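Okay, so here's the structure we're looking at.
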Amino acid sequence: MSATRDRSTGVEHAARAVAPGRPAHPARGIPEATVARLPVYLRALVALAERGIATCSSEELAGAAGVNSAKLRKDLSYLGSYGTRGVGYDVEYLRYQIAREIGVTQDLAVVIVGIGNLGHALANYAGFTSRGFRIVALLDSDPDRWSESVGDLAVVPLDRLEEVVAAESVAIGVIATPASAAQPVCDRLVAAGVTSILNFAPVVLSVPDGVDVRKVDLSIELQILAYHEQRKAVGA
Ligand SMILES: NC(=O)c1ccc[n+]([C@@H]2O[C@H](COP(=O)([O-])OP(=O)(O)OC[C@H]3O[C@@H](n4cnc5c(N)ncnc54)[C@H](O)[C@@H]3O)[C@@H](O)[C@H]2O)c1
């Protein structure tokens with residue numbers, strides 16, 4: 001299964017549906033290169049919808065997606081979507097069409113384990129919902145946390161992990177525990193049937209074949225920026 005750069009969006013999940021070597025839509029003959037661009041169009045459409053834009057021209061959508069408009073029109077024609085002359089594309093409808101094509105019309109269930117500072121921030125982020133993810137449970141091992149809620153969700157004991165994963169068909173587990181707890185939590189998620197892990201803890205996780213792990217480390221991003229800052233200073 002292909003892993004894309006940032007798996008915090010529905011777009012990424014879409015990309016997983018078109019793993020290399022596996023023709024996504026052989027019967028309908030959509031070229032693989034077009035299929036690979038559909039998640040990019042979807043991300044652009046989500047951004048337009050979030051700005052309250054109801055219709056867009058092919059030029060606007062192409063600009064937002066970073067492709068040329070002729071290629072975009074050709075790609076969308078494979079979906080039978082040609083837009084309306086003088087009006088353009090209906091953002092919501094095109095978004096639905098593309099999401100349906102790449103199989104992300106149903107939200108993926110996500111649990112977050114470790115509801116401290118970071119877990120709270122992630123649980124509070126409304127953007128997951130519009131990108132095809134549904135946070136179904138917030139789990140923590142600390143009894144002091146069990147009286148807390150974030151939005152509509154109460155923080156529940158880690159002991160309920162297996163029950164929640166089974167009941168909600170959880171696909172993705174987000175780990176926001178201290179490093180020392182991350183591997184045992186990961187093992188437990190995997191044993192319960194979770195096949196994708198997003199790990200924020202500063203530790204490399206071991207997982208069996210068939211389980212995808214993505215690690216997020218903001219300090220690495222900062223170090224990359226620091227490198228560029230240093231080069232700017234030398235240049236000046
Ligand atoms: N990747 C990044 O860029 C980034 C940024 C910030 C923090 N972090 C990491 O994220 C993690 C969380 O950071 P934080 O600031 O939120 O810490 P925190 O101490 O505020 O929260 C950690 C939470 O995990 C819970 N916990 C501990 N053991 C657990 C277990 N076995 N099962 C379930 N819950 C458990 C604690 O009760 C606590 O609520 C840390 O590992 C930190 O290093 C990563």
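Going through the structure tokens in order, the chains are called A, B, and so on, while each chain numbers its residues from 1 and the ligands are numbered from 1 in the order shown.
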
How close does chain A get to ligand 1? List, as a tab-separated table, each residue of chain A within 10 Å, its nearest atom pair and the distance in Å to one decimal, counting only C-alpha atoms and all ligand atoms.
residue	atom	partner	partner_atom_place_in_ligand_line	distance
A:Ile112	CA	ligand 1	33 (C)	9.0
A:Val113	CA	ligand 1	33 (C)	5.3
A:Gly114	CA	ligand 1	24 (O)	3.5
A:Ile115	CA	ligand 1	39 (O)	4.5
A:Gly116	CA	ligand 1	21 (O)	3.2
A:Asn117	CA	ligand 1	16 (O)	3.6
A:Leu118	CA	ligand 1	16 (O)	3.6
A:Gly119	CA	ligand 1	16 (O)	5.5
A:His120	CA	ligand 1	16 (O)	7.4
A:Ala121	CA	ligand 1	16 (O)	8.4
A:Leu122	CA	ligand 1	16 (O)	9.5
A:Leu138	CA	ligand 1	33 (C)	9.3
A:Leu139	CA	ligand 1	33 (C)	6.1
A:Asp140	CA	ligand 1	34 (N)	3.7
A:Ser141	CA	ligand 1	33 (C)	4.2
A:Asp142	CA	ligand 1	37 (O)	4.4
A:Pro143	CA	ligand 1	37 (O)	8.0
A:Asp144	CA	ligand 1	37 (O)	8.1
A:Arg145	CA	ligand 1	39 (O)	6.6
A:Trp146	CA	ligand 1	39 (O)	9.7
A:Val155	CA	ligand 1	39 (O)	9.6
A:Val156	CA	ligand 1	33 (C)	9.7
A:Pro157	CA	ligand 1	33 (C)	7.9
A:Leu158	CA	ligand 1	33 (C)	5.7
A:Asp159	CA	ligand 1	32 (N)	9.0
A:Leu161	CA	ligand 1	33 (C)	9.6
A:Ile175	CA	ligand 1	11 (C)	7.5
A:Ala176	CA	ligand 1	11 (C)	4.3
A:Thr177	CA	ligand 1	24 (O)	3.7
A:Pro178	CA	ligand 1	41 (O)	3.5
A:Ala179	CA	ligand 1	41 (O)	4.6
A:Ser180	CA	ligand 1	28 (N)	7.6
A:Ala181	CA	ligand 1	31 (N)	4.6
A:Ala182	CA	ligand 1	31 (N)	7.0
A:Gln183	CA	ligand 1	31 (N)	8.9
A:Pro184	CA	ligand 1	31 (N)	7.0
A:Val185	CA	ligand 1	31 (N)	6.0
A:Cys186	CA	ligand 1	31 (N)	9.6
A:Arg188	CA	ligand 1	32 (N)	9.8
A:Leu198	CA	ligand 1	1 (N)	9.8
A:Asn199	CA	ligand 1	1 (N)	7.4
A:Phe200	CA	ligand 1	1 (N)	4.0
A:Ala201	CA	ligand 1	41 (O)	3.6
A:Pro202	CA	ligand 1	43 (O)	5.4
A:Val203	CA	ligand 1	41 (O)	8.0
A:Lys215	CA	ligand 1	1 (N)	7.2
A:Val216	CA	ligand 1	1 (N)	4.6
A:Asp217	CA	ligand 1	1 (N)	3.6
A:Leu218	CA	ligand 1	3 (O)	3.5
A:Ser219	CA	ligand 1	3 (O)	5.8
A:Ile220	CA	ligand 1	3 (O)	7.9
A:Glu221	CA	ligand 1	3 (O)	8.5
A:Leu222	CA	ligand 1	3 (O)	9.5

Practice task
Mind the document's chain letters and residue numbers, and return as a ChimeraX atom specification the residues of chain A that DSSP labels alpha helix (DSSP H).
Solution key: /A:10-16,32-50,58-65,69-77,91-102,117-124,127-130,161-168,179-192,218-235

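From atom CA of Val204 of chain A back to atom CA of Ala226 of chain A, the distance works out to 23.5 Å.
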
Closest-contact table, segment 51-141 of chain A side, partner segment 35-38 of chain A, 12 Å, counting only C-alpha atoms, as a tab-separated table:
residue	atom	partner	partner_atom	distance
A:Leu61	CA	A:Leu38	CA	11.9
A:Ala62	CA	A:Arg37	CA	11.0
A:Ala65	CA	A:Arg37	CA	8.8
A:Gly66	CA	A:Arg37	CA	10.2
A:Val67	CA	A:Arg37	CA	9.1
A:Asn68	CA	A:Arg37	CA	11.8
A:Lys71	CA	A:Arg37	CA	10.0
A:Leu72	CA	A:Arg37	CA	8.9
A:Arg73	CA	A:Leu38	CA	11.8
A:Lys74	CA	A:Arg37	CA	11.5
A:Asp75	CA	A:Leu38	CA	8.1
A:Leu76	CA	A:Leu38	CA	8.6
A:Ser77	CA	A:Leu38	CA	11.9
A:Tyr78	CA	A:Val35	CA	9.7
A:Leu79	CA	A:Leu38	CA	10.2
A:Leu94	CA	A:Leu38	CA	10.7
A:Arg95	CA	A:Leu38	CA	9.9
A:Tyr96	CA	A:Leu38	CA	11.7
A:Gln97	CA	A:Leu38	CA	10.2
A:Ile98	CA	A:Leu38	CA	6.5
A:Ala99	CA	A:Leu38	CA	8.5
A:Arg100	CA	A:Leu38	CA	10.7
A:Glu101	CA	A:Leu38	CA	8.6
A:Ile102	CA	A:Leu38	CA	7.6
A:Gly103	CA	A:Leu38	CA	11.1
A:Val104	CA	A:Leu38	CA	11.5

For N, CA and C atoms, I'd like the residues from the last selection saved as an mmCIF file, in the first residue's frame.
data_model
loop_
_atom_site.group_PDB
_atom_site.id
_atom_site.type_symbol
_atom_site.label_atom_id
_atom_site.label_comp_id
_atom_site.auth_asym_id
_atom_site.auth_seq_id
_atom_site.Cartn_x
_atom_site.Cartn_y
_atom_site.Cartn_z
ATOM 1 N N LEU A 61 -9.657 25.778 -10.265
ATOM 2 C CA LEU A 61 -9.377 24.503 -9.613
ATOM 3 C C LEU A 61 -7.979 24.006 -9.993
ATOM 4 N N ALA A 62 -7.625 24.189 -11.272
ATOM 5 C CA ALA A 62 -6.302 23.759 -11.713
ATOM 6 C C ALA A 62 -5.221 24.536 -10.960
ATOM 7 N N ALA A 65 -4.882 23.271 -7.516
ATOM 8 C CA ALA A 65 -4.304 21.921 -7.455
ATOM 9 C C ALA A 65 -2.878 21.873 -8.011
ATOM 10 N N GLY A 66 -2.461 22.957 -8.681
ATOM 11 C CA GLY A 66 -1.095 23.006 -9.212
ATOM 12 C C GLY A 66 -0.902 22.181 -10.483
ATOM 13 N N VAL A 67 -1.952 22.079 -11.313
ATOM 14 C CA VAL A 67 -1.802 21.407 -12.621
ATOM 15 C C VAL A 67 -2.328 22.360 -13.692
ATOM 16 N N ASN A 68 -2.114 22.033 -14.973
ATOM 17 C CA ASN A 68 -2.683 22.932 -15.975
ATOM 18 C C ASN A 68 -4.140 22.554 -16.238
ATOM 19 N N LYS A 71 -5.217 19.619 -18.563
ATOM 20 C CA LYS A 71 -5.034 18.294 -17.954
ATOM 21 C C LYS A 71 -6.164 18.019 -16.962
ATOM 22 N N LEU A 72 -6.523 19.055 -16.197
ATOM 23 C CA LEU A 72 -7.603 18.891 -15.222
ATOM 24 C C LEU A 72 -8.910 18.531 -15.918
ATOM 25 N N ARG A 73 -9.222 19.262 -17.010
ATOM 26 C CA ARG A 73 -10.488 18.986 -17.716
ATOM 27 C C ARG A 73 -10.491 17.565 -18.263
ATOM 28 N N LYS A 74 -9.343 17.154 -18.789
ATOM 29 C CA LYS A 74 -9.234 15.788 -19.323
ATOM 30 C C LYS A 74 -9.435 14.763 -18.195
ATOM 31 N N ASP A 75 -8.772 15.008 -17.073
ATOM 32 C CA ASP A 75 -8.900 14.077 -15.933
ATOM 33 C C ASP A 75 -10.356 13.963 -15.495
ATOM 34 N N LEU A 76 -11.018 15.116 -15.370
ATOM 35 C CA LEU A 76 -12.388 15.089 -14.856
ATOM 36 C C LEU A 76 -13.360 14.500 -15.866
ATOM 37 N N SER A 77 -12.979 14.550 -17.138
ATOM 38 C CA SER A 77 -13.863 13.971 -18.150
ATOM 39 C C SER A 77 -13.960 12.450 -17.963
ATOM 40 N N TYR A 78 -12.924 11.825 -17.399
ATOM 41 C CA TYR A 78 -12.999 10.377 -17.140
ATOM 42 C C TYR A 78 -14.081 10.055 -16.111
ATOM 43 N N LEU A 79 -14.413 11.049 -15.283
ATOM 44 C CA LEU A 79 -15.468 10.844 -14.279
ATOM 45 C C LEU A 79 -16.823 11.252 -14.837
ATOM 46 N N LEU A 94 -18.645 17.998 -7.275
ATOM 47 C CA LEU A 94 -17.394 17.432 -7.797
ATOM 48 C C LEU A 94 -16.605 16.740 -6.681
ATOM 49 N N ARG A 95 -16.655 17.339 -5.514
ATOM 50 C CA ARG A 95 -15.988 16.743 -4.356
ATOM 51 C C ARG A 95 -16.574 15.360 -4.067
ATOM 52 N N TYR A 96 -17.903 15.278 -4.117
ATOM 53 C CA TYR A 96 -18.567 13.996 -3.887
ATOM 54 C C TYR A 96 -18.175 12.987 -4.968
ATOM 55 N N GLN A 97 -18.184 13.458 -6.232
ATOM 56 C CA GLN A 97 -17.861 12.541 -7.341
ATOM 57 C C GLN A 97 -16.451 11.960 -7.187
ATOM 58 N N ILE A 98 -15.507 12.834 -6.849
ATOM 59 C CA ILE A 98 -14.116 12.366 -6.730
ATOM 60 C C ILE A 98 -13.971 11.458 -5.513
ATOM 61 N N ALA A 99 -14.582 11.861 -4.392
ATOM 62 C CA ALA A 99 -14.496 11.025 -3.184
ATOM 63 C C ALA A 99 -15.077 9.640 -3.450
ATOM 64 N N ARG A 100 -16.177 9.591 -4.200
ATOM 65 C CA ARG A 100 -16.806 8.307 -4.523
ATOM 66 C C ARG A 100 -15.870 7.485 -5.406
ATOM 67 N N GLU A 101 -15.247 8.156 -6.358
ATOM 68 C CA GLU A 101 -14.367 7.458 -7.294
ATOM 69 C C GLU A 101 -13.195 6.804 -6.569
ATOM 70 N N ILE A 102 -12.640 7.525 -5.582
ATOM 71 C CA ILE A 102 -11.470 6.964 -4.919
ATOM 72 C C ILE A 102 -11.814 6.279 -3.605
ATOM 73 N N GLY A 103 -13.090 6.217 -3.297
ATOM 74 C CA GLY A 103 -13.502 5.363 -2.180
ATOM 75 C C GLY A 103 -13.382 5.986 -0.811
ATOM 76 N N VAL A 104 -13.538 7.300 -0.687
ATOM 77 C CA VAL A 104 -13.452 7.924 0.635
ATOM 78 C C VAL A 104 -14.734 8.663 1.012
#
